[in-house]
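A.B. asks: Sending over entry10.cif (mmCIF, C-alpha atoms).
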data_query
loop_
_atom_site.group_PDB
_atom_site.id
_atom_site.type_symbol
_atom_site.label_atom_id
_atom_site.label_comp_id
_atom_site.auth_asym_id
_atom_site.auth_seq_id
_atom_site.Cartn_x
_atom_site.Cartn_y
_atom_site.Cartn_z
ATOM 1 C CA MET A 28 19.257 -8.105 -8.502
ATOM 2 C CA SER A 29 22.691 -6.963 -7.435
ATOM 3 C CA GLN A 30 21.784 -5.105 -4.248
ATOM 4 C CA PRO A 31 20.464 -6.705 -1.063
ATOM 5 C CA ILE A 32 16.726 -6.398 -0.398
ATOM 6 C CA SER A 33 17.291 -5.096 3.157
ATOM 7 C CA ARG A 34 19.998 -3.662 5.381
ATOM 8 C CA PHE A 35 19.018 -6.285 7.963
ATOM 9 C CA PRO A 36 19.402 -10.068 7.853
ATOM 10 C CA VAL A 37 16.864 -11.791 5.619
ATOM 11 C CA PRO A 38 15.860 -15.090 7.187
ATOM 12 C CA GLU A 39 15.742 -18.362 5.331
ATOM 13 C CA LEU A 40 12.239 -19.727 4.836
ATOM 14 C CA LYS A 41 13.184 -22.991 6.563
ATOM 15 C CA ASP A 42 14.228 -21.095 9.709
ATOM 16 C CA LEU A 43 10.936 -19.244 10.204
ATOM 17 C CA PRO A 44 8.156 -20.146 12.650
ATOM 18 C CA ASP A 45 5.582 -22.444 11.030
ATOM 19 C CA ASP A 46 2.779 -19.857 10.857
ATOM 20 C CA ILE A 47 4.985 -17.281 9.145
ATOM 21 C CA ARG A 48 6.425 -19.835 6.725
ATOM 22 C CA GLU A 49 2.878 -20.963 5.838
ATOM 23 C CA THR A 50 1.789 -17.349 5.254
ATOM 24 C CA ILE A 51 4.755 -16.698 2.971
ATOM 25 C CA LEU A 52 4.250 -19.938 1.026
ATOM 26 C CA ALA A 53 0.556 -19.087 0.514
ATOM 27 C CA VAL A 54 1.517 -15.664 -0.851
ATOM 28 C CA GLN A 55 4.136 -17.258 -3.105
ATOM 29 C CA GLU A 56 1.548 -19.719 -4.414
ATOM 30 C CA LYS A 57 -0.883 -16.914 -5.245
ATOM 31 C CA ALA A 58 1.585 -14.332 -6.598
ATOM 32 C CA GLY A 59 4.159 -16.622 -8.158
ATOM 33 C CA PHE A 60 6.938 -15.015 -6.101
ATOM 34 C CA VAL A 61 7.596 -13.874 -2.534
ATOM 35 C CA PRO A 62 7.160 -10.098 -2.184
ATOM 36 C CA ASN A 63 10.215 -8.787 -0.359
ATOM 37 C CA VAL A 64 8.094 -7.172 2.366
ATOM 38 C CA PHE A 65 7.162 -10.625 3.665
ATOM 39 C CA ILE A 66 10.652 -12.001 3.899
ATOM 40 C CA THR A 67 12.243 -8.804 5.231
ATOM 41 C CA LEU A 68 9.644 -8.291 7.964
ATOM 42 C CA ALA A 69 9.974 -11.962 8.951
ATOM 43 C CA HIS A 70 13.265 -10.865 10.524
ATOM 44 C CA ARG A 71 11.089 -9.949 13.552
ATOM 45 C CA PRO A 72 8.304 -12.550 13.832
ATOM 46 C CA ALA A 73 6.104 -10.823 16.443
ATOM 47 C CA GLU A 74 6.120 -7.607 14.418
ATOM 48 C CA PHE A 75 5.467 -9.553 11.195
ATOM 49 C CA ARG A 76 2.306 -11.012 12.732
ATOM 50 C CA ALA A 77 1.083 -7.650 14.055
ATOM 51 C CA PHE A 78 1.897 -5.840 10.809
ATOM 52 C CA PHE A 79 0.057 -8.266 8.562
ATOM 53 C CA ALA A 80 -2.907 -8.583 10.936
ATOM 54 C CA TYR A 81 -3.466 -4.817 10.740
ATOM 55 C CA HIS A 82 -2.652 -4.733 7.025
ATOM 56 C CA ASP A 83 -5.274 -7.379 6.318
ATOM 57 C CA ALA A 84 -7.867 -5.684 8.547
ATOM 58 C CA LEU A 85 -7.488 -2.498 6.498
ATOM 59 C CA MET A 86 -6.778 -3.747 3.001
ATOM 60 C CA LEU A 87 -8.934 -6.882 2.792
ATOM 61 C CA LYS A 88 -11.968 -5.329 4.452
ATOM 62 C CA GLU A 89 -15.221 -6.097 2.641
ATOM 63 C CA THR A 90 -17.374 -3.359 4.181
ATOM 64 C CA GLY A 91 -17.537 0.333 3.341
ATOM 65 C CA SER A 92 -17.498 2.023 -0.015
ATOM 66 C CA LEU A 93 -13.750 1.916 -0.680
ATOM 67 C CA THR A 94 -12.835 -0.510 -3.441
ATOM 68 C CA LYS A 95 -9.585 -2.476 -3.517
ATOM 69 C CA ALA A 96 -8.399 -0.028 -6.190
ATOM 70 C CA ASP A 97 -9.298 2.946 -3.942
ATOM 71 C CA ARG A 98 -7.303 1.430 -1.086
ATOM 72 C CA GLU A 99 -4.266 0.829 -3.301
ATOM 73 C CA MET A 100 -4.630 4.336 -4.721
ATOM 74 C CA ILE A 101 -4.374 5.771 -1.193
ATOM 75 C CA VAL A 102 -1.252 3.694 -0.529
ATOM 76 C CA THR A 103 0.376 4.668 -3.822
ATOM 77 C CA ALA A 104 -0.311 8.406 -3.481
ATOM 78 C CA THR A 105 0.745 8.709 0.160
ATOM 79 C CA SER A 106 3.758 6.420 -0.250
ATOM 80 C CA ALA A 107 4.939 8.711 -3.053
ATOM 81 C CA LYS A 108 4.710 11.667 -0.665
ATOM 82 C CA ASN A 109 6.818 9.648 1.809
ATOM 83 C CA GLN A 110 9.264 8.731 -0.997
ATOM 84 C CA CYS A 111 8.878 5.010 -0.348
ATOM 85 C CA LEU A 112 10.100 3.205 -3.451
ATOM 86 C CA TYR A 113 8.965 -0.215 -2.261
ATOM 87 C CA CYS A 114 5.366 0.776 -1.583
ATOM 88 C CA VAL A 115 4.969 2.964 -4.676
ATOM 89 C CA VAL A 116 6.192 0.138 -6.898
ATOM 90 C CA ALA A 117 4.410 -2.752 -5.147
ATOM 91 C CA HIS A 118 1.109 -1.019 -4.443
ATOM 92 C CA GLY A 119 1.221 0.785 -7.768
ATOM 93 C CA ALA A 120 1.261 -2.663 -9.379
ATOM 94 C CA LEU A 121 -1.780 -3.706 -7.347
ATOM 95 C CA LEU A 122 -3.526 -0.438 -8.229
ATOM 96 C CA ARG A 123 -2.973 -1.079 -11.947
ATOM 97 C CA ILE A 124 -4.368 -4.600 -11.579
ATOM 98 C CA TYR A 125 -7.428 -3.724 -9.462
ATOM 99 C CA SER A 126 -8.320 -0.623 -11.497
ATOM 100 C CA LYS A 127 -7.497 -2.259 -14.841
ATOM 101 C CA GLN A 128 -5.807 1.038 -15.773
ATOM 102 C CA PRO A 129 -2.135 0.624 -16.751
ATOM 103 C CA LEU A 130 -1.312 4.344 -16.405
ATOM 104 C CA VAL A 131 -3.104 5.318 -13.212
ATOM 105 C CA ALA A 132 -0.453 4.346 -10.660
ATOM 106 C CA ASP A 133 2.211 6.525 -12.249
ATOM 107 C CA GLN A 134 -0.243 9.414 -12.526
ATOM 108 C CA VAL A 135 -1.358 9.123 -8.900
ATOM 109 C CA ALA A 136 2.212 8.793 -7.618
ATOM 110 C CA VAL A 137 3.332 11.935 -9.435
ATOM 111 C CA ASN A 138 0.277 14.212 -9.182
ATOM 112 C CA HIS A 139 -3.178 12.864 -8.359
ATOM 113 C CA LEU A 140 -4.740 16.192 -9.402
ATOM 114 C CA LYS A 141 -3.798 15.460 -13.024
ATOM 115 C CA ALA A 142 -4.542 11.742 -12.897
ATOM 116 C CA ASP A 143 -7.335 10.086 -14.852
ATOM 117 C CA ILE A 144 -9.451 9.458 -11.749
ATOM 118 C CA THR A 145 -12.899 10.543 -10.605
ATOM 119 C CA PRO A 146 -13.608 13.716 -8.595
ATOM 120 C CA ARG A 147 -14.557 11.401 -5.701
ATOM 121 C CA GLN A 148 -11.131 9.719 -5.849
ATOM 122 C CA LYS A 149 -9.412 13.124 -6.038
ATOM 123 C CA ALA A 150 -11.239 14.216 -2.878
ATOM 124 C CA MET A 151 -10.250 10.931 -1.207
ATOM 125 C CA LEU A 152 -6.590 11.477 -2.112
ATOM 126 C CA ASP A 153 -6.671 15.161 -1.104
ATOM 127 C CA PHE A 154 -7.730 13.998 2.356
ATOM 128 C CA ALA A 155 -5.255 11.092 2.481
ATOM 129 C CA ILE A 156 -2.364 13.361 1.533
ATOM 130 C CA LYS A 157 -3.451 15.898 4.164
ATOM 131 C CA VAL A 158 -3.477 13.110 6.765
ATOM 132 C CA CYS A 159 -0.069 11.994 5.488
ATOM 133 C CA LEU A 160 1.616 15.398 5.561
ATOM 134 C CA ASN A 161 -0.461 17.647 7.852
ATOM 135 C CA SER A 162 -2.822 15.552 9.961
ATOM 136 C CA GLN A 163 -2.934 18.259 12.619
ATOM 137 C CA GLU A 164 -4.812 20.457 10.105
ATOM 138 C CA VAL A 165 -7.679 18.017 9.456
ATOM 139 C CA GLY A 166 -10.977 19.656 10.345
ATOM 140 C CA ASP A 167 -14.728 19.769 9.799
ATOM 141 C CA ALA A 168 -14.391 21.144 6.267
ATOM 142 C CA ASP A 169 -12.430 18.038 5.241
ATOM 143 C CA TYR A 170 -15.199 15.794 6.547
ATOM 144 C CA ALA A 171 -17.857 17.889 4.801
ATOM 145 C CA THR A 172 -16.012 17.610 1.495
ATOM 146 C CA LEU A 173 -15.687 13.845 1.801
ATOM 147 C CA ARG A 174 -19.336 13.459 2.772
ATOM 148 C CA SER A 175 -20.339 15.510 -0.288
ATOM 149 C CA HIS A 176 -18.614 12.820 -2.380
ATOM 150 C CA GLY A 177 -20.532 9.994 -0.699
ATOM 151 C CA PHE A 178 -18.026 8.907 1.940
ATOM 152 C CA ASP A 179 -19.423 8.114 5.380
ATOM 153 C CA ASP A 180 -17.583 8.305 8.701
ATOM 154 C CA GLU A 181 -16.398 4.683 8.479
ATOM 155 C CA ASP A 182 -14.953 5.350 5.011
ATOM 156 C CA ILE A 183 -13.206 8.456 6.337
ATOM 157 C CA TRP A 184 -11.734 6.407 9.183
ATOM 158 C CA ASP A 185 -10.523 3.846 6.615
ATOM 159 C CA ILE A 186 -8.831 6.521 4.491
ATOM 160 C CA ALA A 187 -7.056 7.918 7.555
ATOM 161 C CA ALA A 188 -6.130 4.480 8.922
ATOM 162 C CA ILE A 189 -4.725 3.247 5.600
ATOM 163 C CA THR A 190 -2.700 6.442 5.290
ATOM 164 C CA ALA A 191 -1.381 6.165 8.844
ATOM 165 C CA PHE A 192 -0.575 2.454 8.612
ATOM 166 C CA PHE A 193 1.352 2.902 5.400
ATOM 167 C CA GLY A 194 3.163 5.887 6.907
ATOM 168 C CA LEU A 195 4.596 3.352 9.357
ATOM 169 C CA SER A 196 5.273 0.896 6.550
ATOM 170 C CA ASN A 197 6.942 3.575 4.397
ATOM 171 C CA ARG A 198 9.250 4.587 7.197
ATOM 172 C CA ILE A 199 10.329 1.031 7.970
ATOM 173 C CA ALA A 200 10.836 0.252 4.276
ATOM 174 C CA ASN A 201 12.910 3.415 3.819
ATOM 175 C CA ALA A 202 14.959 2.856 6.978
ATOM 176 C CA ILE A 203 15.880 -0.726 6.060
ATOM 177 C CA SER A 204 16.303 0.059 2.328
ATOM 178 C CA MET A 205 13.704 -2.530 1.332
ATOM 179 C CA ARG A 206 13.903 -3.067 -2.406
ATOM 180 C CA PRO A 207 10.863 -3.834 -4.529
ATOM 181 C CA ASN A 208 10.773 -7.137 -6.371
ATOM 182 C CA GLU A 209 11.475 -6.781 -10.076
ATOM 183 C CA GLU A 210 8.194 -8.582 -10.815
ATOM 184 C CA PHE A 211 6.201 -5.590 -9.540
ATOM 185 C CA PHE A 212 7.538 -3.165 -12.135
ATOM 186 C CA LEU A 213 5.653 -4.729 -15.059
ATOM 187 C CA MET A 214 2.570 -6.040 -13.286
ATOM 188 C CA GLY A 215 -0.631 -4.549 -14.665
ATOM 189 C CA ARG A 216 1.220 -2.677 -17.422
ATOM 190 C CA VAL A 217 1.210 -5.334 -20.084
ATOM 191 C CA PRO A 218 -1.299 -8.100 -20.850
ATOM 192 C CA ARG A 219 -0.661 -11.369 -19.011
ATOM 193 C CA LYS A 220 0.632 -14.222 -21.108
#
Render the structure in this file as structure tokens.
C.D. replies:
Amino acid sequence: MSQPISRFPVPELKDLPDDIRETILAVQEKAGFVPNVFITLAHRPAEFRAFFAYHDALMLKETGSLTKADREMIVTATSAKNQCLYCVVAHGALLRIYSKQPLVADQVAVNHLKADITPRQKAMLDFAIKVCLNSQEVGDADYATLRSHGFDDEDIWDIAAITAFFGLSNRIANAISMRPNEEFFLMGRVPRK
């Protein structure tokens, strides 16, 4: 990669606080590489801890009806609306893996209405995109539509919270020019060797 992964200093792993270094090494062990979001956000340790605590509370949650693929679909669709290259590429890779659909991330990022997804997922993304772009217009009709697709109030909160959290993430990633790791581009597209 010829360009830097951030406009800001990227700390060396050895210079990080122990808890952050351990988190990054655990991710590296699992993924086989260090996603750039971890090392770039480590530039500000207190914010790193807060960011990943909220991220994990939203994305690793085991209650509610949203699947891991649904959660990544929300991130991919709304990050595309925010023109966040890092999140579209990274979370698109996770969406392909969790959904086991190699084409879905590209479809959702470009136009979820033409994507090979369920009517329930389309309703979920309609709402997420409304929260992303026009949250002031969310009203009772939006809730009624989501409920008609089997979402309860906690699911609706999750959709809104994921959208809002990644709005923050998208804006930071765009402002610091965070580049996606090359590994993400092929993940979930081709069979693993």
A.B. asks: As a check of understanding, name the residues that the PyMOL selection byres ((chain A and resi 30) around 12) selects in the supplied structure, as a PDB file with C-alpha atoms, in the coordinates of the input.
C.D. replies:
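This is the output file out.pdb:
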ATOM      1  CA  MET A  28      19.257  -8.105  -8.502  1.00  0.00           C
ATOM      2  CA  SER A  29      22.691  -6.963  -7.435  1.00  0.00           C
ATOM      3  CA  PRO A  31      20.464  -6.705  -1.063  1.00  0.00           C
ATOM      4  CA  ILE A  32      16.726  -6.398  -0.398  1.00  0.00           C
ATOM      5  CA  SER A  33      17.291  -5.096   3.157  1.00  0.00           C
ATOM      6  CA  ARG A  34      19.998  -3.662   5.381  1.00  0.00           C
ATOM      7  CA  SER A 204      16.303   0.059   2.328  1.00  0.00           C
ATOM      8  CA  MET A 205      13.704  -2.530   1.332  1.00  0.00           C
ATOM      9  CA  ARG A 206      13.903  -3.067  -2.406  1.00  0.00           C
ATOM     10  CA  PRO A 207      10.863  -3.834  -4.529  1.00  0.00           C
ATOM     11  CA  ASN A 208      10.773  -7.137  -6.371  1.00  0.00           C
ATOM     12  CA  GLU A 209      11.475  -6.781 -10.076  1.00  0.00           C
TER      13      GLU A 209
END
A.B. asks: I need the output of the PyMOL selection byres ((chain A and resi 121) around 10) for this file as a PyMOL selection string; which residues are they?
C.D. replies: chain A and resi 95-96+98-100+103+115-120+122-127+132+211+214-215
A.B. asks: Can I get the selected residues back with C-alpha atoms, as a short mmCIF file (atom, residue, chain, number, x, y, z; two decimals), in the coordinates of the input?
C.D. replies:
data_model
loop_
_atom_site.label_atom_id
_atom_site.label_comp_id
_atom_site.auth_asym_id
_atom_site.auth_seq_id
_atom_site.Cartn_x
_atom_site.Cartn_y
_atom_site.Cartn_z
CA LYS A 95 -9.59 -2.48 -3.52
CA ALA A 96 -8.40 -0.03 -6.19
CA ARG A 98 -7.30 1.43 -1.09
CA GLU A 99 -4.27 0.83 -3.30
CA MET A 100 -4.63 4.34 -4.72
CA THR A 103 0.38 4.67 -3.82
CA VAL A 115 4.97 2.96 -4.68
CA VAL A 116 6.19 0.14 -6.90
CA ALA A 117 4.41 -2.75 -5.15
CA HIS A 118 1.11 -1.02 -4.44
CA GLY A 119 1.22 0.78 -7.77
CA ALA A 120 1.26 -2.66 -9.38
CA LEU A 122 -3.53 -0.44 -8.23
CA ARG A 123 -2.97 -1.08 -11.95
CA ILE A 124 -4.37 -4.60 -11.58
CA TYR A 125 -7.43 -3.72 -9.46
CA SER A 126 -8.32 -0.62 -11.50
CA LYS A 127 -7.50 -2.26 -14.84
CA ALA A 132 -0.45 4.35 -10.66
CA PHE A 211 6.20 -5.59 -9.54
CA MET A 214 2.57 -6.04 -13.29
CA GLY A 215 -0.63 -4.55 -14.66
#
A.B. asks: I would like the residues chosen by the PyMOL selection byres ((chain A and resi 188) around 12) on the shown file; could you give them as a list in words?
C.D. replies: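 Those residues are Tyr81, His82, Ala84, Leu85, Met86, Arg98, Ile101, Val102, Thr105, Phe154, Ala155, Val158, Cys159, Ser162, Glu181, Asp182, Ile183, Trp184, Asp185, Ile186, Ala187, Ile189, Thr190, Ala191, Phe192, Phe193, Gly194 and Leu195 of chain A.
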A.B. asks: Compile the contact shell of range 51-53 of chain A as a PyMOL selection string: residues with an atom at most 9 Å away, counting all atoms listed in the file, same-chain residues fewer than 3 positions apart removed.
C.D. replies: chain A and resi 40+46-48+56-58+61-62+65-66
A.B. asks: Which residues are near Pro38 in chain A? Cut-off 9 Å, only C-alpha atoms, ignore same chain within fewer than 2 positions. Put them as a list of chain:residue names.
C.D. replies: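 The contact residues come out as A:Pro36, A:Leu40, A:Lys41, A:Asp42, A:Leu43, A:Ile66, A:Thr67, A:Ala69, A:His70.
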A.B. asks: Find the residue from A:Glu39, A:Ala136, A:Thr90, A:Arg174 that sits nearest to Cys111 in chain A; use only C-alpha atoms when measuring.
C.D. replies: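 Counting only C-alpha atoms, the residue closest to Cys111 in chain A is A:Ala136.
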A.B. asks: Calculate how many Å separate CA of Thr172 in chain A from CA of Met151 in chain A, rounding to one decimal.
C.D. replies: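 Separation between CA of Thr172 in chain A and CA of Met151 in chain A: 9.2 Å.
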A.B. asks: Place N, CA and C atoms on range 29-57 of chain A and deliver the coordinates as a CSV table (one decimal), keeping the file's coordinate frame.
C.D. replies:
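Saved the output as out-v9.csv:
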chain,number,residue,atom,x,y,z
A,29,SER,N,21.3,-7.0,-8.0
A,29,SER,CA,22.7,-7.0,-7.4
A,29,SER,C,22.7,-6.4,-6.0
A,30,GLN,N,21.8,-5.7,-5.6
A,30,GLN,CA,21.8,-5.1,-4.2
A,30,GLN,C,20.9,-6.0,-3.3
A,31,PRO,N,21.3,-6.0,-2.0
A,31,PRO,CA,20.5,-6.7,-1.1
A,31,PRO,C,19.1,-6.1,-0.9
A,32,ILE,N,18.1,-6.9,-0.5
A,32,ILE,CA,16.7,-6.4,-0.4
A,32,ILE,C,16.5,-5.7,0.9
A,33,SER,N,17.4,-5.7,1.9
A,33,SER,CA,17.3,-5.1,3.2
A,33,SER,C,18.7,-4.9,3.8
A,34,ARG,N,18.8,-3.9,4.6
A,34,ARG,CA,20.0,-3.7,5.4
A,34,ARG,C,20.1,-4.7,6.5
A,35,PHE,N,19.0,-5.3,6.8
A,35,PHE,CA,19.0,-6.3,8.0
A,35,PHE,C,19.0,-7.7,7.4
A,36,PRO,N,19.4,-8.7,8.3
A,36,PRO,CA,19.4,-10.1,7.9
A,36,PRO,C,18.0,-10.5,7.3
A,37,VAL,N,18.1,-11.2,6.2
A,37,VAL,CA,16.9,-11.8,5.6
A,37,VAL,C,16.8,-13.3,6.0
A,38,PRO,N,15.9,-13.7,6.7
A,38,PRO,CA,15.9,-15.1,7.2
A,38,PRO,C,15.6,-16.1,6.1
A,39,GLU,N,16.1,-17.3,6.3
A,39,GLU,CA,15.7,-18.4,5.3
A,39,GLU,C,14.3,-18.9,5.7
A,40,LEU,N,13.6,-19.2,4.6
A,40,LEU,CA,12.2,-19.7,4.8
A,40,LEU,C,12.2,-20.9,5.8
A,41,LYS,N,13.1,-21.8,5.7
A,41,LYS,CA,13.2,-23.0,6.6
A,41,LYS,C,13.4,-22.7,8.0
A,42,ASP,N,13.9,-21.5,8.3
A,42,ASP,CA,14.2,-21.1,9.7
A,42,ASP,C,13.1,-20.3,10.4
A,43,LEU,N,12.0,-20.1,9.7
A,43,LEU,CA,10.9,-19.2,10.2
A,43,LEU,C,9.9,-20.1,11.0
A,44,PRO,N,9.2,-19.4,11.9
A,44,PRO,CA,8.2,-20.1,12.6
A,44,PRO,C,7.1,-20.7,11.6
A,45,ASP,N,6.5,-21.8,12.0
A,45,ASP,CA,5.6,-22.4,11.0
A,45,ASP,C,4.5,-21.5,10.5
A,46,ASP,N,3.9,-20.7,11.3
A,46,ASP,CA,2.8,-19.9,10.9
A,46,ASP,C,3.3,-18.8,9.9
A,47,ILE,N,4.4,-18.3,10.1
A,47,ILE,CA,5.0,-17.3,9.1
A,47,ILE,C,5.4,-17.9,7.8
A,48,ARG,N,6.0,-19.1,7.9
A,48,ARG,CA,6.4,-19.8,6.7
A,48,ARG,C,5.2,-20.2,5.9
A,49,GLU,N,4.1,-20.6,6.6
A,49,GLU,CA,2.9,-21.0,5.8
A,49,GLU,C,2.3,-19.7,5.2
A,50,THR,N,2.3,-18.6,5.8
A,50,THR,CA,1.8,-17.3,5.3
A,50,THR,C,2.6,-17.0,4.0
A,51,ILE,N,3.9,-17.1,4.1
A,51,ILE,CA,4.8,-16.7,3.0
A,51,ILE,C,4.6,-17.7,1.8
A,52,LEU,N,4.5,-19.0,2.1
A,52,LEU,CA,4.2,-19.9,1.0
A,52,LEU,C,2.9,-19.7,0.3
A,53,ALA,N,1.9,-19.4,1.1
A,53,ALA,CA,0.6,-19.1,0.5
A,53,ALA,C,0.6,-17.9,-0.4
A,54,VAL,N,1.4,-16.9,0.0
A,54,VAL,CA,1.5,-15.7,-0.9
A,54,VAL,C,2.3,-16.0,-2.1
A,55,GLN,N,3.3,-16.8,-2.0
A,55,GLN,CA,4.1,-17.3,-3.1
A,55,GLN,C,3.3,-18.1,-4.1
A,56,GLU,N,2.4,-18.9,-3.6
A,56,GLU,CA,1.5,-19.7,-4.4
A,56,GLU,C,0.6,-18.8,-5.2
A,57,LYS,N,0.1,-17.8,-4.6
A,57,LYS,CA,-0.9,-16.9,-5.2
A,57,LYS,C,-0.2,-16.0,-6.2
